[in-house]
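J.: Pasting a structure below so you can have a look.
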Amino acid sequence: TADLRLDRPIVLVGLMGAGKTTVGRRLAQRLKVSFHDADHEIETAANMRIADIFEIYGEAYFREGERKVIERLLSGPPHVLATGGGAFMDAETRALVKASATSIWLRADLDLLVKRTALRDTRPLLRQGDPREILSRLLEERGPVYAQADITIDSADGPHARTTEKVLKAL
Ligand code: S3P
C-alpha cells in the first residue's frame, strides 16, 4: 500500500469522536498526499469557531458553508478529507462526495464515541443535553446514511494507527 496512487480523494465520514481527523491525518501521511479537515477549513474561512457559527447564524448557515468548503476541496488534487459528522447527512454534499471521492465510514460504538467526545467541549450539538443520549440518537438516525459510504471501517478502541492500517488495506 505504500505506493498506492490515489485517483480520487478519500473522504472520511462518521460521528463526532469516531477519529476522522486523527485517522485522516495518518492516512494522508501514509499515502503521501495532503490532508484537509472540513471543520477547520470552515473555521478559517469564517474566521469563527464552529460553536459560534451555530450560535450566531444557526445550523442551516453552517451546513451551507460546509457544503461550499467540501465542494472546493473536492475539486482540488486527490487528498484525504475529514468531514464534520453532519456533512454526509446533507443530500447535496453526499451526492457530491459519492460522485467524486472514495467515501469511508469510520464506525465506532456508542461507548467509544461518548468517551472520545468527552475529551473536548467544542461540539455545539453535544451541549444541547446529555451527550450519551444525543450520540445514541444520532447513531440511530445517521447510521443508515453513513452506511451508504463506499467502505465501512470499524474504529476500535485502541491506537488510531491500527484503524489507519485497516483503511489502507481496504482501499
Ligand atoms: C457535527 C460534527 C462536528 C462539527 C459540528 C456538527 C455534526 O464535526 O462539524 O459540530 O453534525 O455531527 P466532528 O464530527 O468533526 O466533531
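We label chains A, B, ... in the order they appear in the C-alpha cells, count residues from 1 in each chain, and number ligands from 1 in the order shown.
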Ile153 of chain A: which residues within 10 Å, counting only C-alpha atoms, same-chain residues fewer than 5 positions away excluded, as a list in words?
T.: Ile104, Trp105, Leu106, Arg107, Ala108, Thr163, Thr164, Lys166, Val167 and Ala170 of chain A
J.: List as JSON, numbers by chain the protein and nucleic acid residues near Tyr61 of chain A, meaning an atom at most 12 Å away when only C-alpha atoms are counted, but skip any in the same chain fewer than 5 places from it.
T.: {"A": [42, 46, 50, 52, 53, 54, 55, 56, 66, 67, 68]}
J.: Take the selection from the previous step and output its residues with N, CA and C atoms, as a short mmCIF file (atom, residue, chain, number, x, y, z; two decimals), in the first residue's frame.
T.:
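Written out: again33.cif:
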```
data_model
loop_
_atom_site.label_atom_id
_atom_site.label_comp_id
_atom_site.auth_asym_id
_atom_site.auth_seq_id
_atom_site.Cartn_x
_atom_site.Cartn_y
_atom_site.Cartn_z
N ILE A 42 -13.68 25.49 7.49
CA ILE A 42 -14.84 26.37 7.69
C ILE A 42 -14.49 27.45 8.72
N ALA A 46 -14.51 31.39 7.81
CA ALA A 46 -15.44 32.29 8.51
C ALA A 46 -14.73 33.12 9.58
N ILE A 50 -16.65 26.98 15.26
CA ILE A 50 -17.90 26.33 14.85
C ILE A 50 -19.03 26.59 15.85
N ASP A 52 -19.54 29.10 17.65
CA ASP A 52 -20.05 30.46 17.48
C ASP A 52 -20.87 30.60 16.19
N ILE A 53 -20.46 29.92 15.13
CA ILE A 53 -21.24 29.96 13.89
C ILE A 53 -22.64 29.41 14.16
N PHE A 54 -22.71 28.28 14.88
CA PHE A 54 -24.01 27.69 15.23
C PHE A 54 -24.83 28.66 16.06
N GLU A 55 -24.18 29.27 17.03
CA GLU A 55 -24.90 30.12 17.97
C GLU A 55 -25.40 31.40 17.30
N ILE A 56 -24.57 32.00 16.50
CA ILE A 56 -24.92 33.30 15.92
C ILE A 56 -25.74 33.17 14.64
N GLU A 66 -20.39 24.57 4.94
CA GLU A 66 -19.74 23.27 4.93
C GLU A 66 -19.76 22.67 3.52
N ARG A 67 -20.92 22.78 2.87
CA ARG A 67 -21.06 22.23 1.52
C ARG A 67 -20.10 22.93 0.55
N LYS A 68 -20.02 24.25 0.67
CA LYS A 68 -19.14 25.02 -0.23
C LYS A 68 -17.68 24.64 -0.03
#
```
J.: Show me which residues are within 8 Å of ligand 1 counting only C-alpha atoms and all ligand atoms, and format the list as a list in words.
T.: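 Listing the residues within 8 Å of ligand 1 gives Val13, Gly14, Leu15, Met16, Gly17, Ala18, Lys20, Thr21, Ala38, Asp39, Ile50, Ala51, Ala82, Thr83, Gly84, Gly85, Gly86, Ala87, Thr117, Thr122, Arg123, Pro124, Leu125 and Leu138 of chain A.
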J.: Please identify the helix (DSSP H, G or I) residues within chain A (assignment by DSSP from backbone atoms) and present them as a VMD selection string.
T.: chain A and resid 20 to 31 38 to 46 50 to 57 59 to 74 87 to 89 91 to 100 110 to 117 124 to 128 131 to 146 160 to 170
J.: If you run DSSP over the backbone, which residues in chain A end up strand (DSSP E or B)? Put them as number ranges by chain.
T.: A: 10-13, 35-37, 80-82, 102-107, 151-154
J.: Please produce a file of the residues just selected, as a short mmCIF file (atom, residue, chain, number, x, y, z; two decimals), in the first residue's frame, where the atoms kept are N, CA and C atoms.
T.:
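Here's the written file again37.cif:
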```
data_model
loop_
_atom_site.label_atom_id
_atom_site.label_comp_id
_atom_site.auth_asym_id
_atom_site.auth_seq_id
_atom_site.Cartn_x
_atom_site.Cartn_y
_atom_site.Cartn_z
N ILE A 10 -10.07 10.82 -0.80
CA ILE A 10 -10.66 9.94 0.20
C ILE A 10 -11.38 10.82 1.20
N VAL A 11 -12.66 10.53 1.43
CA VAL A 11 -13.44 11.35 2.35
C VAL A 11 -13.89 10.50 3.53
N LEU A 12 -13.54 10.93 4.73
CA LEU A 12 -13.92 10.21 5.94
C LEU A 12 -15.22 10.80 6.49
N VAL A 13 -16.17 9.91 6.75
CA VAL A 13 -17.44 10.35 7.33
C VAL A 13 -17.70 9.53 8.60
N PHE A 35 -3.64 16.57 3.64
CA PHE A 35 -4.80 16.30 4.48
C PHE A 35 -5.57 17.60 4.71
N HIS A 36 -6.89 17.51 4.64
CA HIS A 36 -7.73 18.67 4.97
C HIS A 36 -8.83 18.24 5.93
N ASP A 37 -9.18 19.16 6.79
CA ASP A 37 -10.26 18.92 7.74
C ASP A 37 -11.33 19.97 7.47
N VAL A 80 -6.76 13.54 1.31
CA VAL A 80 -7.63 12.94 2.31
C VAL A 80 -8.39 14.06 3.01
N LEU A 81 -9.71 13.88 3.09
CA LEU A 81 -10.56 14.92 3.68
C LEU A 81 -11.40 14.35 4.82
N ALA A 82 -11.24 14.94 5.99
CA ALA A 82 -12.11 14.58 7.12
C ALA A 82 -13.26 15.56 7.14
N THR A 102 -13.75 8.57 -2.87
CA THR A 102 -13.97 7.29 -2.20
C THR A 102 -14.35 7.64 -0.76
N SER A 103 -15.56 7.25 -0.36
CA SER A 103 -16.02 7.61 0.98
C SER A 103 -15.82 6.46 1.95
N ILE A 104 -15.43 6.80 3.15
CA ILE A 104 -15.18 5.79 4.18
C ILE A 104 -15.92 6.17 5.45
N TRP A 105 -16.75 5.27 5.92
CA TRP A 105 -17.44 5.48 7.21
C TRP A 105 -16.56 4.90 8.31
N LEU A 106 -16.09 5.76 9.18
CA LEU A 106 -15.39 5.29 10.38
C LEU A 106 -16.45 5.03 11.43
N ARG A 107 -16.74 3.77 11.65
CA ARG A 107 -17.82 3.41 12.57
C ARG A 107 -17.25 3.13 13.97
N ILE A 151 -16.99 2.38 1.75
CA ILE A 151 -16.29 1.42 2.61
C ILE A 151 -16.65 1.72 4.06
N THR A 152 -16.84 0.68 4.87
CA THR A 152 -17.07 0.87 6.30
C THR A 152 -15.91 0.25 7.07
N ILE A 153 -15.34 1.02 7.98
CA ILE A 153 -14.23 0.52 8.79
C ILE A 153 -14.57 0.72 10.26
N ASP A 154 -14.39 -0.31 11.06
CA ASP A 154 -14.62 -0.16 12.49
C ASP A 154 -13.45 0.52 13.15
#
```
J.: Could you tell me how far atom CA of Glu41 of chain A sits from atom CA of Ala95 of chain A, in Å to one decimal place?
T.: 20.2 Å
J.: Hey, what's within 10 Å of Leu112 of chain A if we count only C-alpha atoms and toss same-chain stuff fewer than 2 positions away? As a PyMOL selection string, please?
T.: chain A and resi 17-18+108-110+114-118+155-158
J.: Within 12 Å of Arg137 of chain A, counting only C-alpha atoms, which residues qualify if same-chain residues fewer than 4 places away don't, as an MDAnalysis selection string?
T.: chainID A and resid 15 110 125:126 129:133 141:143
J.: Please measure the separation of atom CA of Arg5 of chain A and atom CA of Pro144 of chain A, giving the value in Å to one decimal.
T.: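 It comes out at 29.8 Å.
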J.: What is the atom CA of Glu43 of chain A-atom CA of Arg94 of chain A distance in Å, reported with one decimal?
T.: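 Calculated distance between atom CA of Glu43 of chain A and atom CA of Arg94 of chain A is 20.8 Å.
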J.: Of the candidates A:Leu171, A:Val145, A:Leu27, A:Leu74, which shows the shortest atom-to-atom distance to Ser100 of chain A, using only C-alpha atoms?
T.: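 Looking at the shortest contact to Ser100 of chain A, the residue is A:Leu74.
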J.: Rank A:Arg8, A:Ala28, A:Ala45, A:Gly19 by their smallest atom-to-atom distance to Ala99 of chain A, using only C-alpha atoms, and report the top residue only.
T.: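 Answer, going by the shortest atom-to-atom distance: A:Arg8.
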J.: My list of candidates is A:Lys98, A:Asp90, A:Arg162, A:Gly76. Which is closest to Ala60 of chain A when distances are computed with only C-alpha atoms?
T.: A:Asp90
